[in-house]
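K.L.:
Hey, dropping data_36.cif in here, mmCIF, C-alpha atoms and all ligand atoms:
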```cif
data_coords
#
loop_
_atom_site.label_atom_id
_atom_site.label_comp_id
_atom_site.auth_asym_id
_atom_site.auth_seq_id
_atom_site.Cartn_x
_atom_site.Cartn_y
_atom_site.Cartn_z
CA MET A 1 -21.03 1.07 -13.83
CA ARG A 2 -21.28 4.75 -14.58
CA ASN A 3 -24.70 5.48 -13.08
CA LEU A 4 -24.41 3.27 -10.05
CA SER A 5 -24.54 4.87 -6.65
CA ARG A 6 -22.17 3.66 -3.94
CA ARG A 7 -25.04 1.75 -2.30
CA SER A 8 -26.34 0.02 -5.42
CA LEU A 9 -22.79 -0.96 -6.32
CA LEU A 10 -22.40 -2.42 -2.88
CA LYS A 11 -25.53 -4.51 -3.36
CA LEU A 12 -24.52 -5.55 -6.84
CA ALA A 13 -21.10 -6.72 -5.78
CA GLY A 14 -22.49 -8.41 -2.65
CA PHE A 15 -19.85 -6.75 -0.50
CA GLY A 16 -22.21 -5.97 2.34
CA ALA A 17 -23.35 -9.53 2.80
CA ALA A 18 -19.92 -10.95 2.15
CA ALA A 19 -18.00 -8.73 4.51
CA GLY A 20 -20.61 -8.95 7.24
CA ALA A 21 -20.81 -12.72 7.06
CA SER A 22 -17.05 -13.10 6.90
CA ALA A 23 -16.66 -10.81 9.89
CA LEU A 24 -19.03 -12.92 11.98
CA ASN A 25 -17.33 -16.07 10.81
CA ALA A 26 -13.87 -14.78 11.61
CA ARG A 27 -14.91 -13.59 15.05
CA ALA A 28 -16.04 -17.13 15.81
CA VAL A 29 -12.67 -18.56 14.82
CA SER A 30 -10.99 -20.49 17.61
CA VAL A 31 -7.23 -20.15 17.88
CA GLN A 32 -7.00 -23.90 18.55
CA ASP A 33 -8.22 -24.99 15.14
CA GLY A 34 -6.60 -22.73 12.62
CA GLU A 35 -6.99 -25.22 9.78
CA ALA A 36 -10.66 -25.85 10.27
CA ALA A 37 -11.14 -22.12 10.70
CA SER A 38 -9.47 -21.33 7.44
CA ALA A 39 -11.60 -23.99 5.72
CA ARG A 40 -14.70 -22.35 7.18
CA LEU A 41 -13.53 -18.97 5.94
CA GLN A 42 -12.98 -20.34 2.47
CA HIS A 43 -16.38 -21.97 2.58
CA ALA A 44 -17.95 -18.69 3.67
CA GLY A 45 -16.16 -16.99 0.79
CA HIS A 46 -17.67 -19.42 -1.69
CA THR A 47 -21.19 -19.37 -0.37
CA MET A 48 -21.69 -15.74 0.62
CA GLY A 49 -18.91 -13.65 -0.93
CA PRO A 50 -18.63 -11.92 -4.27
CA VAL A 51 -18.47 -14.44 -7.08
CA GLY A 52 -15.07 -14.97 -8.62
CA ARG A 53 -11.62 -13.71 -7.80
CA VAL A 54 -9.47 -10.96 -9.19
CA SER A 55 -6.60 -12.33 -11.26
CA THR A 56 -3.18 -11.79 -9.69
CA GLU A 57 -1.42 -12.11 -13.04
CA THR A 58 -0.75 -8.40 -13.62
CA PHE A 59 -0.79 -7.28 -9.98
CA ASP A 60 -0.57 -9.48 -6.90
CA PRO A 61 -1.38 -7.61 -3.66
CA ALA A 62 0.44 -10.34 -1.70
CA ALA A 63 3.64 -10.05 -3.77
CA TYR A 64 3.44 -6.25 -3.46
CA LEU A 65 3.45 -6.63 0.36
CA ARG A 66 7.06 -7.84 0.39
CA SER A 67 8.48 -6.24 -2.76
CA PHE A 68 11.16 -3.57 -2.34
CA ASN A 69 13.05 -1.94 -5.22
CA GLY A 70 11.57 -4.53 -7.60
CA SER A 71 12.86 -7.49 -5.57
CA ARG A 72 9.99 -9.65 -6.89
CA LEU A 73 10.63 -8.85 -10.57
CA PRO A 74 12.41 -11.25 -12.91
CA GLU A 75 16.12 -10.23 -13.08
CA ALA A 76 16.03 -8.76 -16.60
CA GLU A 77 12.92 -6.73 -15.82
CA ARG A 78 14.36 -5.56 -12.53
CA GLU A 79 17.53 -4.29 -14.19
CA ARG A 80 15.46 -2.01 -16.41
CA PHE A 81 13.71 -0.58 -13.34
CA TYR A 82 16.43 -0.44 -10.67
CA ARG A 83 20.21 -0.27 -10.37
CA GLN A 84 22.42 0.41 -7.35
CA THR A 85 26.05 1.55 -7.40
CA PRO A 86 28.36 2.00 -4.38
CA ARG A 87 29.73 5.50 -3.78
CA PRO A 88 33.12 6.38 -2.20
CA ASP A 89 31.54 7.32 1.14
CA GLY A 90 29.93 3.89 1.49
CA SER A 91 26.45 5.03 0.52
CA LEU A 92 24.66 3.96 -2.65
CA LEU A 93 23.52 5.65 -5.80
CA ARG A 94 20.06 4.20 -6.43
CA GLU A 95 18.72 4.71 -9.93
CA TYR A 96 15.12 4.06 -10.92
CA ARG A 97 13.12 4.20 -14.10
CA ILE A 98 9.47 5.03 -13.57
CA VAL A 99 7.02 5.21 -16.44
CA ALA A 100 3.54 6.70 -16.18
CA VAL A 101 1.13 4.62 -18.23
CA ASP A 102 -2.68 4.45 -18.48
CA ARG A 103 -3.99 0.99 -17.67
CA GLU A 104 -7.32 -0.57 -16.76
CA ILE A 105 -7.01 -2.51 -13.51
CA GLU A 106 -9.37 -4.93 -11.76
CA ILE A 107 -10.09 -3.81 -8.18
CA ALA A 108 -12.85 -6.29 -7.25
CA PRO A 109 -14.24 -9.30 -9.11
CA GLY A 110 -15.50 -7.94 -12.43
CA ILE A 111 -15.01 -4.29 -11.45
CA PHE A 112 -12.45 -2.52 -13.60
CA PHE A 113 -11.01 0.92 -13.02
CA PRO A 114 -9.38 3.10 -15.71
CA ALA A 115 -6.20 3.81 -13.75
CA TRP A 116 -3.18 5.96 -14.37
CA THR A 117 -0.20 4.00 -13.09
CA PHE A 118 3.48 4.13 -12.31
CA ASN A 119 5.10 1.16 -14.08
CA GLY A 120 1.72 -0.39 -14.83
CA GLN A 121 0.69 -1.00 -11.22
CA VAL A 122 -1.29 0.66 -8.43
CA PRO A 123 0.36 1.46 -6.09
CA GLY A 124 3.58 2.04 -8.01
CA PRO A 125 6.67 0.03 -7.03
CA THR A 126 7.99 0.56 -3.49
CA LEU A 127 11.27 2.50 -3.56
CA ARG A 128 13.67 1.93 -0.69
CA ALA A 129 16.94 3.67 0.18
CA THR A 130 19.11 4.22 3.24
CA GLU A 131 19.51 7.66 4.75
CA GLY A 132 22.29 9.47 2.87
CA ASP A 133 21.96 7.47 -0.37
CA ARG A 134 21.60 9.39 -3.61
CA VAL A 135 18.30 8.75 -5.39
CA LYS A 136 18.01 9.34 -9.11
CA VAL A 137 14.65 8.72 -10.76
CA THR A 138 14.22 8.91 -14.51
CA PHE A 139 10.54 9.61 -15.04
CA VAL A 140 9.00 8.95 -18.44
CA ASN A 141 5.45 10.05 -19.12
CA GLN A 142 3.81 7.61 -21.51
CA GLY A 143 0.35 8.50 -20.22
CA SER A 144 -2.25 10.67 -21.91
CA HIS A 145 -2.08 13.59 -19.44
CA PRO A 146 0.70 15.73 -17.95
CA HIS A 147 2.14 14.13 -14.79
CA THR A 148 4.93 14.61 -12.26
CA ILE A 149 6.49 12.73 -9.38
CA HIS A 150 6.38 14.60 -6.11
CA PHE A 151 8.52 12.95 -3.41
CA HIS A 152 8.02 13.51 0.29
CA GLY A 153 11.38 14.16 1.99
CA TRP A 154 14.14 16.78 1.83
CA HIS A 155 14.91 18.08 -1.66
CA PRO A 156 15.56 21.36 -3.50
CA PRO A 157 12.53 23.18 -4.97
CA GLU A 158 13.31 22.29 -8.60
CA MET A 159 12.91 18.60 -7.64
CA ASP A 160 9.49 19.10 -6.06
CA GLY A 161 7.31 18.14 -9.03
CA ALA A 162 4.47 20.34 -7.83
CA LEU A 163 4.44 23.59 -9.84
CA PRO A 164 2.91 24.04 -13.29
CA GLU A 165 6.40 24.33 -14.84
CA HIS A 166 7.31 20.96 -13.28
CA GLN A 167 4.68 19.10 -15.30
CA VAL A 168 6.06 16.45 -17.61
CA MET A 169 4.03 16.40 -20.81
CA PRO A 170 2.95 13.12 -22.48
CA GLY A 171 6.04 11.77 -24.24
CA GLY A 172 8.32 13.82 -21.96
CA THR A 173 11.02 12.82 -19.48
CA PHE A 174 12.40 14.35 -16.28
CA VAL A 175 15.16 13.23 -13.92
CA TYR A 176 14.57 13.72 -10.19
CA GLU A 177 17.71 13.60 -8.08
CA PHE A 178 18.14 14.15 -4.34
CA ASP A 179 19.64 12.70 -1.16
CA ALA A 180 17.44 10.25 0.74
CA GLU A 181 16.49 11.96 3.99
CA PRO A 182 15.16 11.95 6.61
CA PHE A 183 14.76 8.25 7.44
CA GLY A 184 11.11 7.37 7.62
CA LEU A 185 8.10 6.16 5.72
CA HIS A 186 7.37 8.50 2.86
CA LEU A 187 5.28 8.78 -0.25
CA TYR A 188 5.71 9.63 -3.85
CA HIS A 189 2.81 10.72 -6.02
CA CYS A 190 1.83 12.76 -9.03
CA HIS A 191 1.29 16.43 -8.25
CA ALA A 192 -0.28 17.59 -11.51
CA VAL A 193 -3.63 19.38 -11.31
CA PRO A 194 -6.38 18.64 -10.55
CA LEU A 195 -4.49 16.90 -7.77
CA LYS A 196 -7.45 14.92 -6.45
CA ARG A 197 -7.97 13.33 -9.82
CA HIS A 198 -4.31 12.53 -10.49
CA LEU A 199 -3.97 10.95 -7.05
CA HIS A 200 -7.08 8.82 -6.96
CA LYS A 201 -6.43 7.54 -10.49
CA GLY A 202 -3.52 5.59 -9.01
CA LEU A 203 -0.34 7.66 -9.36
CA TYR A 204 1.19 6.99 -5.96
CA GLY A 205 3.72 4.72 -4.31
CA VAL A 206 5.70 4.16 -1.14
CA PHE A 207 9.17 5.58 -0.53
CA ILE A 208 10.98 4.05 2.46
CA VAL A 209 14.17 5.60 3.81
CA ASP A 210 15.92 3.30 6.29
CA PRO A 211 17.98 4.71 9.16
CA LYS A 212 21.76 4.28 8.82
CA THR A 213 21.67 1.91 11.78
CA PRO A 214 19.05 -0.49 10.45
CA ARG A 215 15.89 -1.33 12.32
CA PRO A 216 15.88 -4.89 13.79
CA PRO A 217 15.28 -7.66 11.23
CA ALA A 218 11.56 -8.28 10.72
CA ASP A 219 8.98 -9.69 8.38
CA GLU A 220 8.24 -6.45 6.54
CA LEU A 221 4.91 -5.71 4.85
CA VAL A 222 3.84 -2.71 2.82
CA MET A 223 0.15 -1.91 3.19
CA VAL A 224 -1.36 0.93 1.24
CA MET A 225 -4.90 1.89 2.16
CA ASN A 226 -6.59 3.06 -1.02
CA GLY A 227 -10.03 3.66 -2.49
CA PHE A 228 -11.55 3.87 -5.94
CA ASP A 229 -14.20 6.19 -7.27
CA THR A 230 -15.57 3.98 -10.01
CA ASN A 231 -18.34 6.33 -11.18
CA PHE A 232 -16.45 9.64 -10.81
CA ASP A 233 -18.81 11.21 -8.30
CA ALA A 234 -15.95 12.22 -5.95
CA ASP A 235 -16.84 9.41 -3.55
CA ASN A 236 -15.19 5.99 -3.28
CA GLU A 237 -17.17 2.88 -4.18
CA VAL A 238 -14.44 0.38 -3.38
CA TYR A 239 -11.85 0.36 -0.58
CA ALA A 240 -8.85 -1.90 -0.18
CA VAL A 241 -5.43 -2.54 1.19
CA ASN A 242 -3.12 -2.85 -1.81
CA THR A 243 -5.83 -2.12 -4.40
CA VAL A 244 -7.84 -5.35 -4.60
CA ALA A 245 -10.94 -5.34 -2.39
CA ASN A 246 -11.03 -8.18 0.17
CA HIS A 247 -7.89 -9.77 -1.31
CA PHE A 248 -6.46 -10.76 2.07
CA MET A 249 -9.78 -12.29 3.14
CA HIS A 250 -9.25 -14.92 0.43
CA ASP A 251 -5.48 -15.07 0.70
CA PRO A 252 -4.52 -14.33 4.33
CA ILE A 253 -1.13 -12.80 5.05
CA ARG A 254 1.00 -15.60 6.46
CA VAL A 255 3.22 -14.71 9.41
CA ARG A 256 5.17 -16.66 12.06
CA VAL A 257 4.21 -16.63 15.74
CA GLY A 258 6.92 -14.80 17.72
CA ASP A 259 8.54 -13.11 14.72
CA LEU A 260 8.75 -9.34 14.64
CA VAL A 261 6.27 -8.11 12.02
CA ARG A 262 6.76 -4.60 10.68
CA ILE A 263 3.97 -2.98 8.69
CA TYR A 264 4.62 0.07 6.54
CA LEU A 265 1.11 1.54 6.58
CA VAL A 266 0.30 4.34 4.16
CA ASN A 267 -2.99 6.14 3.59
CA VAL A 268 -3.56 7.40 0.07
CA THR A 269 -7.36 7.25 0.19
CA GLU A 270 -8.78 10.22 -1.65
CA PHE A 271 -12.16 11.92 -0.91
CA ASP A 272 -12.36 10.60 2.68
CA LEU A 273 -10.50 12.65 5.27
CA ILE A 274 -9.22 9.70 7.26
CA ASN A 275 -8.67 5.99 7.12
CA SER A 276 -7.66 3.56 9.83
CA LEU A 277 -6.34 0.10 10.62
CA HIS A 278 -7.56 -2.05 13.46
CA LEU A 279 -5.92 -5.38 14.23
CA HIS A 280 -7.83 -8.02 16.21
CA GLY A 281 -6.44 -9.87 19.21
CA MET A 282 -3.27 -7.90 19.76
CA PHE A 283 -1.61 -4.53 20.11
CA PHE A 284 1.16 -2.93 18.09
CA ASP A 285 3.73 -0.15 18.47
CA VAL A 286 3.24 2.91 16.26
CA PHE A 287 6.13 4.93 14.82
CA ARG A 288 4.46 7.93 13.22
CA THR A 289 5.91 8.76 9.78
CA GLY A 290 8.65 6.25 10.71
CA THR A 291 10.95 9.11 11.73
CA ALA A 292 11.75 7.88 15.25
CA ILE A 293 13.38 4.73 16.61
CA ALA A 294 11.29 4.68 19.80
CA PRO A 295 7.53 4.12 19.35
CA HIS A 296 5.09 6.98 19.84
CA GLU A 297 2.31 4.81 21.20
CA THR A 298 1.00 1.29 21.65
CA THR A 299 -2.51 0.66 20.42
CA ASP A 300 -4.74 -1.68 18.41
CA LEU A 301 -6.11 1.02 16.12
CA VAL A 302 -4.27 3.70 14.20
CA MET A 303 -5.94 6.52 12.31
CA LEU A 304 -4.22 8.28 9.41
CA CYS A 305 -5.16 11.44 7.54
CA GLN A 306 -4.88 11.63 3.74
CA GLY A 307 -1.23 11.09 2.87
CA GLU A 308 -0.22 10.18 6.42
CA ARG A 309 1.97 7.15 7.19
CA ALA A 310 3.01 5.05 10.17
CA ILE A 311 5.24 2.06 10.82
CA LEU A 312 3.59 -0.58 13.02
CA GLU A 313 5.45 -3.35 14.85
CA THR A 314 4.06 -6.37 16.62
CA ARG A 315 4.63 -10.07 17.36
CA PHE A 316 1.83 -12.61 17.08
CA ARG A 317 1.48 -14.58 20.33
CA TYR A 318 -1.05 -17.15 19.15
CA PRO A 319 -1.33 -19.23 16.00
CA GLY A 320 -4.54 -18.82 14.04
CA SER A 321 -6.56 -16.29 12.10
CA PHE A 322 -6.58 -12.61 13.00
CA MET A 323 -8.72 -10.08 11.22
CA PHE A 324 -7.63 -6.56 10.31
CA HIS A 325 -9.80 -3.85 8.79
CA ALA A 326 -10.62 -0.17 8.71
CA HIS A 327 -12.62 0.75 11.79
CA GLN A 328 -14.88 2.81 9.59
CA SER A 329 -17.39 0.00 9.11
CA GLU A 330 -18.45 1.32 5.73
CA PHE A 331 -14.90 1.06 4.35
CA ALA A 332 -14.61 -2.47 5.75
CA GLU A 333 -17.88 -3.50 4.11
CA LEU A 334 -16.75 -2.05 0.80
CA GLY A 335 -13.58 -4.15 0.66
CA TRP A 336 -11.12 -2.88 3.29
CA MET A 337 -10.81 -6.05 5.33
CA GLY A 338 -8.27 -8.86 5.53
CA MET A 339 -6.85 -11.69 7.61
CA PHE A 340 -3.51 -12.69 9.03
CA GLN A 341 -2.77 -16.38 9.37
CA ALA A 342 -0.19 -16.87 12.12
CA GLU A 343 1.68 -20.17 12.12
CA GLY A 344 3.86 -21.70 14.81
CA VAL A 345 3.68 -22.53 18.49
CA ARG A 346 1.66 -20.46 20.94
CA ARG A 347 3.73 -18.03 23.06
CA ASP A 348 1.68 -16.52 25.82
CA THR A 349 4.09 -13.71 26.60
CU CU B 401 -0.80 13.02 -12.82
#
```
Represent the structure of the file as structure tokens.

P.N.:
Amino acid sequence: MRNLSRRSLLKLAGFGAAAGASALNARAVSVQDGEAASARLQHAGHTMGPVGRVSTETFDPAAYLRSFNGSRLPEAERERFYRQTPRPDGSLLREYRIVAVDREIEIAPGIFFPAWTFNGQVPGPTLRATEGDRVKVTFVNQGSHPHTIHFHGWHPPEMDGALPEHQVMPGGTFVYEFDAEPFGLHLYHCHAVPLKRHLHKGLYGVFIVDPKTPRPPADELVMVMNGFDTNFDADNEVYAVNTVANHFMHDPIRVRVGDLVRIYLVNVTEFDLINSLHLHGMFFDVFRTGTAIAPHETTDLVMLCQGERAILETRFRYPGSFMFHAHQSEFAELGWMGMFQAEGVRRDT
């Protein structure tokens, strides 16, 4: 893969043809025949898409969508990663164990990327606390380079993980401890130098701080827009939501008509200044950085700079298939495209 340009890789993987054909197919989907439509999509996938599927055995983008504080892990495994203890004031002490480890990951059928990971996955596990909780993260560096964890949010300077003296050497350990604030949609990522390299290799994850008065119940989904520079030319060859190119084209995100759907959208794409999400057939409310209870705007397309985040809320009115993708067509053609499958009874208002 080393000498492939972005364009020749695109041709090789068949992304251009696949994404283009799938896009046309999905646009033709009628909301009245969701089942037939999904069969057509699958058929299109087989006949025109990249050959094969990425195994979900080590990382499942769909499971990652709805996994908070290791909620999808087997109990024994979860206990090693996460523990919560009540405190006298009613808040929680939330303790995490995060290990940096080098691991090769599959980002598109047959395309492997030599990642640096938090707990073996890209993105790292989603951490979630309530405003005022105490967060304590034991970070162990089992990777081959110095790393840190830099959290977005309020914290004292010695917890920042950004200066040369903050670097945790291979084999080393550091404990980050701070109060979870403000409420919002935040990030954590390695801040060792060169930063660009440490970030795009996969050392990032989502850090959600809930307001003390919780947001309304919703079907909550974490979507991380990321990209991969597979030939190390400081340009991405593959784009995705939750790491695996086109995953949600093959395995649409299932939602219920009428239910509140809340998307935690995070942009960690390196090398490109911006990324975006466009959702077909509907509009959504945008809460920028998740730091307000009232929405900032209502739109069908949100653009995020590197590292920027937004919470999106919507309700599907119609059953059927709805496409979502980056509105940068090139990103969409290189893997950043997916489908929702809404189930239930049509609600016109
Ligand atoms: Cu690093």

K.L.:
Here is a test: counting all atoms listed in the file, which residue of A:Asp285, A:Ile274, A:Arg347, A:Pro170 is nearest to His327 in chain A?

P.N.:
A:Ile274

K.L.:
May I have the residues within 8 Å of range 276-283 of chain A as a list in words, using only C-alpha atoms and disregarding those fewer than 5 positions away in the same chain?

P.N.:
Thr298, Thr299, Asp300, Leu301, Val302, Met303, Leu304, Thr314, Phe316, Phe322, Met323, Phe324, His325, Ala326, His327 and Gln328 of chain A

K.L.:
Give me the residues within 9 Å of range 263-267 of chain A as JSON, numbers by chain, counting all atoms listed in the file and dropping any in the same chain fewer than 5 places off.

P.N.:
{"A": [185, 186, 187, 206, 208, 219, 220, 221, 222, 223, 224, 225, 226, 274, 275, 276, 277, 290, 304, 305, 306, 307, 308, 309, 310, 311, 312, 313, 314]}

K.L.:
Using C-alpha atoms, can you write the selected residues to a file as a compact mmCIF listing (two decimals), in the frame of the given file?

P.N.:
```
# COMPACT_ATOMS: atom_id res chain seq x y z
CA LEU A 185 8.10 6.16 5.72
CA HIS A 186 7.37 8.50 2.86
CA LEU A 187 5.28 8.78 -0.25
CA VAL A 206 5.70 4.16 -1.14
CA ILE A 208 10.98 4.05 2.46
CA ASP A 219 8.98 -9.69 8.38
CA GLU A 220 8.24 -6.45 6.54
CA LEU A 221 4.91 -5.71 4.85
CA VAL A 222 3.84 -2.71 2.82
CA MET A 223 0.15 -1.91 3.19
CA VAL A 224 -1.36 0.93 1.24
CA MET A 225 -4.90 1.89 2.16
CA ASN A 226 -6.59 3.06 -1.02
CA ILE A 274 -9.22 9.70 7.26
CA ASN A 275 -8.67 5.99 7.12
CA SER A 276 -7.66 3.56 9.83
CA LEU A 277 -6.34 0.10 10.62
CA GLY A 290 8.65 6.25 10.71
CA LEU A 304 -4.22 8.28 9.41
CA CYS A 305 -5.16 11.44 7.54
CA GLN A 306 -4.88 11.63 3.74
CA GLY A 307 -1.23 11.09 2.87
CA GLU A 308 -0.22 10.18 6.42
CA ARG A 309 1.97 7.15 7.19
CA ALA A 310 3.01 5.05 10.17
CA ILE A 311 5.24 2.06 10.82
CA LEU A 312 3.59 -0.58 13.02
CA GLU A 313 5.45 -3.35 14.85
CA THR A 314 4.06 -6.37 16.62
```

K.L.:
A:Val101, A:Phe207, A:Ala192, A:Thr58: which is nearest Pro125 in chain A, counting all atoms listed in the file?

P.N.:
A:Phe207

K.L.:
Please build the interface table for chain A against ligand CU 401 (chain B) with a cut-off of 8 Å, listing for each qualifying residue the nearest atom pair and the distance in Å to one decimal; count only C-alpha atoms and all ligand atoms, order rows by chain and increasing number, and write it as JSON lines.

P.N.:
```
{"residue": "A:Trp116", "atom": "CA", "partner": "B:CU401", "partner_atom": "CU", "distance": 7.6}
{"residue": "A:His145", "atom": "CA", "partner": "B:CU401", "partner_atom": "CU", "distance": 6.8}
{"residue": "A:Pro146", "atom": "CA", "partner": "B:CU401", "partner_atom": "CU", "distance": 6.0}
{"residue": "A:His147", "atom": "CA", "partner": "B:CU401", "partner_atom": "CU", "distance": 3.7}
{"residue": "A:Thr148", "atom": "CA", "partner": "B:CU401", "partner_atom": "CU", "distance": 6.0}
{"residue": "A:Cys190", "atom": "CA", "partner": "B:CU401", "partner_atom": "CU", "distance": 4.6}
{"residue": "A:His191", "atom": "CA", "partner": "B:CU401", "partner_atom": "CU", "distance": 6.1}
{"residue": "A:Ala192", "atom": "CA", "partner": "B:CU401", "partner_atom": "CU", "distance": 4.8}
{"residue": "A:Val193", "atom": "CA", "partner": "B:CU401", "partner_atom": "CU", "distance": 7.1}
{"residue": "A:Leu195", "atom": "CA", "partner": "B:CU401", "partner_atom": "CU", "distance": 7.4}
{"residue": "A:Arg197", "atom": "CA", "partner": "B:CU401", "partner_atom": "CU", "distance": 7.8}
{"residue": "A:His198", "atom": "CA", "partner": "B:CU401", "partner_atom": "CU", "distance": 4.2}
{"residue": "A:Leu199", "atom": "CA", "partner": "B:CU401", "partner_atom": "CU", "distance": 6.9}
{"residue": "A:Leu203", "atom": "CA", "partner": "B:CU401", "partner_atom": "CU", "distance": 6.4}
```

K.L.:
Around all listed atoms of range 290-297 of chain A, padded 6 Å per side, what centre and edge lengths does the axis-aligned box have in Å to one decimal, as JSON?

P.N.:
```
{"center_x": 7.8, "center_y": 6.6, "center_z": 16.0, "size_x": 23.1, "size_y": 17.0, "size_z": 22.5}
```

K.L.:
Kindly add N, CA, C and O atoms to the incomplete range 129-140 of chain A and provide the output as a CSV table (one decimal), in the frame of the given file.

P.N.:
```
chain,number,residue,atom,x,y,z
A,129,ALA,N,15.5,3.2,0.1
A,129,ALA,CA,16.9,3.7,0.2
A,129,ALA,C,17.3,3.8,1.6
A,129,ALA,O,16.5,3.6,2.5
A,130,THR,N,18.6,4.0,1.9
A,130,THR,CA,19.1,4.2,3.2
A,130,THR,C,19.4,5.7,3.3
A,130,THR,O,19.9,6.3,2.4
A,131,GLU,N,19.2,6.2,4.5
A,131,GLU,CA,19.5,7.7,4.8
A,131,GLU,C,20.9,8.0,4.2
A,131,GLU,O,21.9,7.3,4.5
A,132,GLY,N,21.0,9.1,3.4
A,132,GLY,CA,22.3,9.5,2.9
A,132,GLY,C,22.6,8.9,1.5
A,132,GLY,O,23.5,9.4,0.8
A,133,ASP,N,21.8,7.9,1.0
A,133,ASP,CA,22.0,7.5,-0.4
A,133,ASP,C,21.5,8.6,-1.3
A,133,ASP,O,20.8,9.5,-1.0
A,134,ARG,N,22.0,8.5,-2.6
A,134,ARG,CA,21.6,9.4,-3.6
A,134,ARG,C,20.5,8.7,-4.4
A,134,ARG,O,20.7,7.5,-4.8
A,135,VAL,N,19.4,9.3,-4.6
A,135,VAL,CA,18.3,8.8,-5.4
A,135,VAL,C,18.2,9.5,-6.7
A,135,VAL,O,18.1,10.7,-6.7
A,136,LYS,N,18.1,8.7,-7.8
A,136,LYS,CA,18.0,9.3,-9.1
A,136,LYS,C,16.9,8.6,-9.8
A,136,LYS,O,17.0,7.4,-10.1
A,137,VAL,N,15.8,9.3,-10.1
A,137,VAL,CA,14.6,8.7,-10.8
A,137,VAL,C,14.4,9.3,-12.1
A,137,VAL,O,14.2,10.5,-12.3
A,138,THR,N,14.6,8.5,-13.2
A,138,THR,CA,14.2,8.9,-14.5
A,138,THR,C,12.7,8.6,-14.7
A,138,THR,O,12.3,7.5,-14.7
A,139,PHE,N,12.0,9.7,-14.9
A,139,PHE,CA,10.5,9.6,-15.0
A,139,PHE,C,10.2,9.8,-16.5
A,139,PHE,O,10.5,10.9,-17.1
A,140,VAL,N,9.5,8.9,-17.0
A,140,VAL,CA,9.0,9.0,-18.4
A,140,VAL,C,7.5,9.0,-18.4
A,140,VAL,O,6.9,8.1,-17.9
```
